[in-house]
$ cat upload25.cif   # mmCIF, C-alpha atoms and all ligand atoms
data_input
loop_
_atom_site.group_PDB
_atom_site.id
_atom_site.type_symbol
_atom_site.label_atom_id
_atom_site.label_comp_id
_atom_site.auth_asym_id
_atom_site.auth_seq_id
_atom_site.Cartn_x
_atom_site.Cartn_y
_atom_site.Cartn_z
ATOM 1 C CA MET J 202 96.058 108.540 117.583
ATOM 2 C CA ALA J 203 93.481 105.809 117.845
ATOM 3 C CA VAL J 204 92.665 102.303 118.910
ATOM 4 C CA ARG J 205 91.621 100.622 115.675
ATOM 5 C CA GLN J 206 89.312 97.717 115.132
ATOM 6 C CA VAL J 207 91.215 94.432 114.793
ATOM 7 C CA LEU J 208 90.037 92.275 111.904
ATOM 8 C CA LYS J 209 89.024 88.773 112.893
ATOM 9 C CA MET J 210 89.867 85.487 111.208
ATOM 10 C CA GLY J 211 87.641 85.112 108.171
ATOM 11 C CA HIS J 212 88.341 88.613 106.892
ATOM 12 C CA PRO J 213 89.955 88.369 103.435
ATOM 13 C CA LEU J 214 92.692 90.914 104.248
ATOM 14 C CA LEU J 215 94.113 88.512 106.847
ATOM 15 C CA VAL J 216 94.878 85.847 104.247
ATOM 16 C CA GLN J 217 96.528 88.109 101.663
ATOM 17 C CA ALA J 218 100.196 88.949 101.262
ATOM 18 C CA ALA J 219 100.985 92.506 102.372
ATOM 19 C CA GLN J 220 102.979 95.009 100.310
ATOM 20 C CA PRO J 221 106.407 96.417 101.210
ATOM 21 C CA ILE J 222 106.847 99.935 102.553
ATOM 22 C CA LEU J 223 108.626 102.023 99.911
ATOM 23 C CA GLU J 224 108.815 105.355 101.730
ATOM 24 C CA PHE J 225 110.215 105.727 105.249
ATOM 25 C CA THR J 226 109.954 108.720 107.589
ATOM 26 C CA SER J 227 106.465 109.611 106.384
ATOM 27 C CA LYS J 228 103.494 110.889 108.358
ATOM 28 C CA GLU J 229 101.404 108.059 106.937
ATOM 29 C CA LEU J 230 103.845 105.478 108.320
ATOM 30 C CA ASP J 231 104.176 107.250 111.689
ATOM 31 C CA ASP J 232 100.384 107.434 112.023
ATOM 32 C CA LEU J 233 100.031 103.751 111.160
ATOM 33 C CA ILE J 234 102.615 102.756 113.774
ATOM 34 C CA ALA J 235 101.046 104.986 116.444
ATOM 35 C CA ASP J 236 97.644 103.384 115.796
ATOM 36 C CA MET J 237 99.202 99.927 115.940
ATOM 37 C CA PHE J 238 100.788 100.635 119.350
ATOM 38 C CA ASP J 239 97.567 102.144 120.700
ATOM 39 C CA THR J 240 95.630 99.096 119.530
ATOM 40 C CA MET J 241 98.124 96.518 120.802
ATOM 41 C CA THR J 242 98.353 98.224 124.186
ATOM 42 C CA ALA J 243 94.580 98.557 124.581
ATOM 43 C CA LEU J 244 94.121 94.840 123.868
ATOM 44 C CA ASP J 245 97.105 93.569 125.902
ATOM 45 C CA GLY J 246 98.739 92.067 122.828
ATOM 46 C CA ALA J 247 102.390 91.022 122.523
ATOM 47 C CA GLY J 248 102.470 91.908 118.836
ATOM 48 C CA LEU J 249 100.423 93.235 115.959
ATOM 49 C CA ALA J 250 100.765 93.281 112.178
ATOM 50 C CA ALA J 251 99.410 96.105 110.007
ATOM 51 C CA PRO J 252 97.001 93.847 108.052
ATOM 52 C CA GLN J 253 95.229 93.127 111.355
ATOM 53 C CA ILE J 254 93.991 96.734 111.388
ATOM 54 C CA GLY J 255 93.143 96.593 107.700
ATOM 55 C CA VAL J 256 96.377 98.039 106.281
ATOM 56 C CA PRO J 257 98.024 95.544 103.887
ATOM 57 C CA LYS J 258 101.610 96.751 104.460
ATOM 58 C CA ARG J 259 104.681 94.883 105.686
ATOM 59 C CA VAL J 260 104.845 96.467 109.141
ATOM 60 C CA VAL J 261 104.819 94.588 112.445
ATOM 61 C CA ILE J 262 105.243 95.683 116.038
ATOM 62 C CA PHE J 263 105.963 93.486 119.023
ATOM 63 C CA GLY J 264 107.379 93.518 122.504
ATOM 64 C CA LEU J 265 106.490 92.902 126.089
ATOM 65 C CA HIS J 266 107.812 93.556 129.559
ATOM 66 C CA SER J 267 105.167 91.722 131.486
ATOM 67 C CA ASN J 268 101.914 90.691 129.936
ATOM 68 C CA ARG J 269 98.779 89.353 131.606
ATOM 69 C CA ARG J 270 98.053 87.221 128.535
ATOM 70 C CA TYR J 271 101.557 85.653 128.543
ATOM 71 C CA PRO J 272 102.674 85.523 132.197
ATOM 72 C CA GLU J 273 105.435 82.974 131.587
ATOM 73 C CA ALA J 274 107.031 84.794 128.662
ATOM 74 C CA GLU J 275 110.472 86.326 128.931
ATOM 75 C CA PRO J 276 110.733 90.057 128.047
ATOM 76 C CA VAL J 277 110.949 91.037 124.382
ATOM 77 C CA PRO J 278 112.222 94.493 123.327
ATOM 78 C CA MET J 279 109.521 96.859 122.035
ATOM 79 C CA THR J 280 110.184 96.898 118.300
ATOM 80 C CA VAL J 281 108.809 98.268 115.031
ATOM 81 C CA LEU J 282 109.961 96.081 112.151
ATOM 82 C CA ILE J 283 109.294 97.053 108.545
ATOM 83 C CA ASN J 284 109.764 94.833 105.463
ATOM 84 C CA PRO J 285 111.042 92.037 107.709
ATOM 85 C CA SER J 286 112.828 88.848 106.777
ATOM 86 C CA VAL J 287 113.276 85.838 109.042
ATOM 87 C CA GLU J 288 115.558 82.852 108.737
ATOM 88 C CA PRO J 289 116.118 79.926 111.080
ATOM 89 C CA VAL J 290 119.597 79.623 112.604
ATOM 90 C CA SER J 291 119.095 75.934 113.310
ATOM 91 C CA SER J 292 116.473 73.389 112.353
ATOM 92 C CA GLU J 293 115.413 72.944 115.983
ATOM 93 C CA MET J 294 111.688 73.520 116.558
ATOM 94 C CA GLU J 295 109.782 74.175 119.765
ATOM 95 C CA ALA J 296 106.057 73.752 120.388
ATOM 96 C CA GLY J 297 104.332 76.506 122.343
ATOM 97 C CA TRP J 298 100.924 78.043 122.928
ATOM 98 C CA GLU J 299 99.964 81.074 120.875
ATOM 99 C CA GLY J 300 97.099 83.480 120.786
ATOM 100 C CA CYS J 301 96.228 86.190 118.297
ATOM 101 C CA LEU J 302 94.143 89.346 118.539
ATOM 102 C CA SER J 303 92.503 88.275 115.251
ATOM 103 C CA VAL J 304 91.440 84.969 116.819
ATOM 104 C CA PRO J 305 90.055 86.282 120.105
ATOM 105 C CA GLY J 306 89.538 83.926 123.007
ATOM 106 C CA MET J 307 91.466 81.040 121.483
ATOM 107 C CA ARG J 308 94.876 79.438 121.989
ATOM 108 C CA GLY J 309 96.684 76.839 119.921
ATOM 109 C CA LYS J 310 99.960 74.974 120.136
ATOM 110 C CA VAL J 311 102.295 75.749 117.258
ATOM 111 C CA SER J 312 105.800 74.551 116.403
ATOM 112 C CA ARG J 313 108.229 77.363 115.577
ATOM 113 C CA TYR J 314 111.931 77.624 114.976
ATOM 114 C CA LEU J 315 113.623 77.952 118.345
ATOM 115 C CA ARG J 316 116.415 80.215 117.067
ATOM 116 C CA ILE J 317 116.122 82.721 114.265
ATOM 117 C CA ARG J 318 117.924 85.650 112.723
ATOM 118 C CA TYR J 319 115.651 88.475 111.632
ATOM 119 C CA ALA J 320 116.172 91.711 109.790
ATOM 120 C CA GLY J 321 114.160 94.686 108.636
ATOM 121 C CA PHE J 322 113.976 98.446 109.030
ATOM 122 C CA ASP J 323 112.859 100.882 111.678
ATOM 123 C CA PRO J 324 110.493 103.769 110.780
ATOM 124 C CA SER J 325 113.459 105.963 109.765
ATOM 125 C CA GLY J 326 114.745 103.331 107.363
ATOM 126 C CA HIS J 327 117.644 102.193 109.556
ATOM 127 C CA GLU J 328 118.395 98.524 109.349
ATOM 128 C CA ILE J 329 117.643 96.213 112.280
ATOM 129 C CA ARG J 330 119.383 92.827 112.554
ATOM 130 C CA ARG J 331 118.920 90.541 115.516
ATOM 131 C CA ASP J 332 119.281 86.988 116.671
ATOM 132 C CA ALA J 333 116.412 85.772 118.811
ATOM 133 C CA GLU J 334 115.265 82.620 120.514
ATOM 134 C CA GLY J 335 112.375 81.272 122.542
ATOM 135 C CA PHE J 336 109.338 83.495 122.979
ATOM 136 C CA HIS J 337 111.032 86.406 121.187
ATOM 137 C CA ALA J 338 111.639 84.202 118.129
ATOM 138 C CA ARG J 339 108.069 82.871 118.348
ATOM 139 C CA VAL J 340 106.502 86.346 118.378
ATOM 140 C CA VAL J 341 108.560 87.469 115.377
ATOM 141 C CA GLN J 342 107.617 84.355 113.390
ATOM 142 C CA HIS J 343 103.935 84.773 114.318
ATOM 143 C CA GLU J 344 103.840 88.466 113.350
ATOM 144 C CA CYS J 345 105.785 88.008 110.109
ATOM 145 C CA ASP J 346 103.422 85.170 109.142
ATOM 146 C CA HIS J 347 100.587 87.744 109.173
ATOM 147 C CA LEU J 348 102.369 89.592 106.338
ATOM 148 C CA ASP J 349 102.109 86.464 104.200
ATOM 149 C CA GLY J 350 98.456 85.870 105.049
ATOM 150 C CA ILE J 351 99.169 83.066 107.521
ATOM 151 C CA LEU J 352 97.296 82.863 110.833
ATOM 152 C CA TYR J 353 98.594 80.582 113.590
ATOM 153 C CA PRO J 354 95.675 78.094 113.397
ATOM 154 C CA MET J 355 96.963 77.201 109.911
ATOM 155 C CA ARG J 356 100.162 75.985 111.589
ATOM 156 C CA ILE J 357 98.613 73.856 114.337
ATOM 157 C CA THR J 358 99.702 70.310 113.586
ATOM 158 C CA ASN J 359 97.276 68.632 115.965
ATOM 159 C CA LEU J 360 93.892 70.321 116.292
ATOM 160 C CA ARG J 361 93.469 68.689 119.699
ATOM 161 C CA ASP J 362 95.885 71.429 120.771
ATOM 162 C CA PHE J 363 93.447 74.222 119.893
ATOM 163 C CA GLY J 364 90.808 75.587 122.207
ATOM 164 C CA TYR J 365 89.277 78.357 124.226
ATOM 165 C CA GLU J 366 91.617 80.409 126.374
ATOM 166 C CA ASP J 367 89.317 80.414 129.412
ATOM 167 C CA VAL J 368 89.124 76.600 129.345
ATOM 168 C CA LEU J 369 92.815 75.937 128.613
ATOM 169 C CA PHE J 370 94.166 78.670 130.891
ATOM 170 C CA PRO J 371 91.506 79.642 133.446
ATOM 171 C CA GLU J 372 94.176 81.409 135.525
ATOM 172 C CA LEU J 373 94.511 84.034 132.768
ATOM 173 C CA ILE J 374 90.951 85.265 133.101
ATOM 174 C CA ARG J 375 90.951 88.957 133.802
ATOM 175 C CA THR J 376 90.003 89.677 137.388
ATOM 176 C CA ASP J 377 90.530 93.452 137.422
HETATM 177 NI NI NI J 401 98.441 87.371 115.436
#
$ encode --input "upload25.cif" --output "structure tokens"
Amino acid sequence: MAVRQVLKMGHPLLVQAAQPILEFTSKELDDLIADMFDTMTALDGAGLAAPQIGVPKRVVIFGLHSNRRYPEAEPVPMTVLINPSVEPVSSEMEAGWEGCLSVPGMRGKVSRYLRIRYAGFDPSGHEIRRDAEGFHARVVQHECDHLDGILYPMRITNLRDFGYEDVLFPELIRTD
């Protein structure tokens, strides 16, 4: 498949609500997911939502084993989640740094629910239900926000906690 261009903040598709997938096990869906994985992998992302490659559908992918961009993050299972829903399990929030392939070069500190329960479907239409916490819960909340047209800078409560990645985290600069 193909590495697709990632839309950057300012593009109108990134601030629109995406539409649910109505048909599973389709070539169109498989091709979309393959392109999303190719794109996320090429850009070292921990997650990607379909609207970021210009497809306004409720499909997200996420996961990481080890990631240069998030060296402190615990592993998250590689997942395709379609028509997702997310609910907090407790009201406890945690602040943490986020980046986004649609906001290249930047990081911001965002409060997210620490523990969530999420659900959705895999590409065959089988239901997925999981409890998650920490970085896993953060990634799911970030990606699902994309489906409602929300980018993480909209959730930064103090804009002093927003800046350039190479200034905030010089150790992350690619050396290879
Ligand atoms: Ni993002």
$ resolve_selection --input "upload25.cif" --expression "the PyMOL selection byres (((not hetatm)) within 10 of (chain J and resi 401))" --output "PyMOL selection string"
chain J and resi 209-210+215+246-250+252-253+299-305+340+342-347+351-354
$ resolve_selection --input "upload25.cif" --expression "the PyMOL selection byres (((chain J and resi 321-334) around 9) and not hetatm)" --output "PyMOL selection string"
chain J and resi 224-227+230-231+234+280-287+290+314-320+335-339+341
$ resolve_selection --input "upload25.cif" --expression "the PyMOL selection byres (((chain J and resi 205) around 12) and not hetatm)" --output "PyMOL selection string"
chain J and resi 202-204+206-208+232-244+249+251-256+302
$ atom_distance --input "upload25.cif" --atom1 "atom CA of J:Met355" --atom2 "atom CA of J:Ala219"
17.5 Å
$ residues_around --input "upload25.cif" --residues "stretch 308-311 of chain J" --least-positions-apart "2" --cutoff "8 Å" --atoms "only C-alpha atoms" --output "list in words"
Ala296, Gly297, Trp298, Glu299, Gly300, Cys301, Gly306, Arg313, Tyr353, Pro354, Arg356, Ile357, Thr358, Leu360, Asp362, Phe363, Gly364, Tyr365, Glu366 and Leu369 of chain J
$ residues_around --input "upload25.cif" --residues "J:Ala218" --least-positions-apart "3" --cutoff "6 Å" --atoms "all atoms listed in the file" --output "PyMOL selection string"
chain J and resi 348-350
$ residues_around --input "upload25.cif" --residues "J:Leu265" --least-positions-apart "4" --cutoff "8 Å" --atoms "all atoms listed in the file" --output "JSON, numbers by chain"
{"J": [247, 276, 277, 278, 279]}
$ closest_residue --input "upload25.cif" --among "J:Leu214, J:Asp245, J:Ile222, J:Pro272" --to "J:Glu372" --atoms "only C-alpha atoms"
J:Pro272
$ atom_distance --input "upload25.cif" --atom1 "atom CA of J:Lys258" --atom2 "atom CA of J:Tyr271"
26.5 Å
$ atom_distance --input "upload25.cif" --atom1 "atom CA of J:Glu295" --atom2 "atom CA of J:Asn359"
14.2 Å
$ axis_aligned_box --input "upload25.cif" --around "stretch 258-275 of chain J" --padding-each-side "4 Å" --output "lines of an AutoDock Vina configuration file"
center_x = 104.3
center_y = 89.9
center_z = 118.3
size_x = 20.4
size_y = 21.8
size_z = 35.7
$ decode --input "upload25.cif" --residues "stretch 212-224 of chain J" --atoms "N, CA and C atoms" --output "mmCIF file, in the first residue's frame"
data_model
loop_
_atom_site.group_PDB
_atom_site.id
_atom_site.type_symbol
_atom_site.label_atom_id
_atom_site.label_comp_id
_atom_site.auth_asym_id
_atom_site.auth_seq_id
_atom_site.Cartn_x
_atom_site.Cartn_y
_atom_site.Cartn_z
ATOM 1 N N HIS J 212 -6.143 22.228 8.467
ATOM 2 C CA HIS J 212 -6.963 21.620 7.417
ATOM 3 C C HIS J 212 -8.370 21.375 7.955
ATOM 4 N N PRO J 213 -9.406 21.752 7.184
ATOM 5 C CA PRO J 213 -10.774 21.649 7.714
ATOM 6 C C PRO J 213 -11.203 20.222 8.070
ATOM 7 N N LEU J 214 -10.652 19.219 7.393
ATOM 8 C CA LEU J 214 -11.062 17.835 7.703
ATOM 9 C C LEU J 214 -10.671 17.416 9.125
ATOM 10 N N LEU J 215 -9.668 18.094 9.687
ATOM 11 C CA LEU J 215 -9.202 17.715 11.030
ATOM 12 C C LEU J 215 -10.108 18.247 12.136
ATOM 13 N N VAL J 216 -11.011 19.141 11.800
ATOM 14 C CA VAL J 216 -11.900 19.697 12.830
ATOM 15 C C VAL J 216 -13.358 19.339 12.558
ATOM 16 N N GLN J 217 -13.561 18.281 11.772
ATOM 17 C CA GLN J 217 -14.915 17.786 11.501
ATOM 18 C C GLN J 217 -15.119 16.449 12.181
ATOM 19 N N ALA J 218 -16.364 16.148 12.506
ATOM 20 C CA ALA J 218 -16.683 14.808 13.027
ATOM 21 C C ALA J 218 -16.625 13.816 11.871
ATOM 22 N N ALA J 219 -16.060 12.640 12.149
ATOM 23 C CA ALA J 219 -15.954 11.582 11.139
ATOM 24 C C ALA J 219 -17.193 10.690 11.193
ATOM 25 N N GLN J 220 -17.418 9.958 10.103
ATOM 26 C CA GLN J 220 -18.618 9.125 9.972
ATOM 27 C C GLN J 220 -18.328 7.663 10.332
ATOM 28 N N PRO J 221 -19.312 6.975 10.904
ATOM 29 C CA PRO J 221 -19.090 5.566 11.258
ATOM 30 C C PRO J 221 -18.891 4.671 10.031
ATOM 31 N N ILE J 222 -18.153 3.594 10.256
ATOM 32 C CA ILE J 222 -18.012 2.541 9.243
ATOM 33 C C ILE J 222 -19.273 1.681 9.302
ATOM 34 N N LEU J 223 -19.896 1.450 8.158
ATOM 35 C CA LEU J 223 -21.131 0.672 8.108
ATOM 36 C C LEU J 223 -20.887 -0.725 7.569
ATOM 37 N N GLU J 224 -19.789 -0.892 6.819
ATOM 38 C CA GLU J 224 -19.519 -2.191 6.198
ATOM 39 C C GLU J 224 -18.122 -2.667 6.599
#
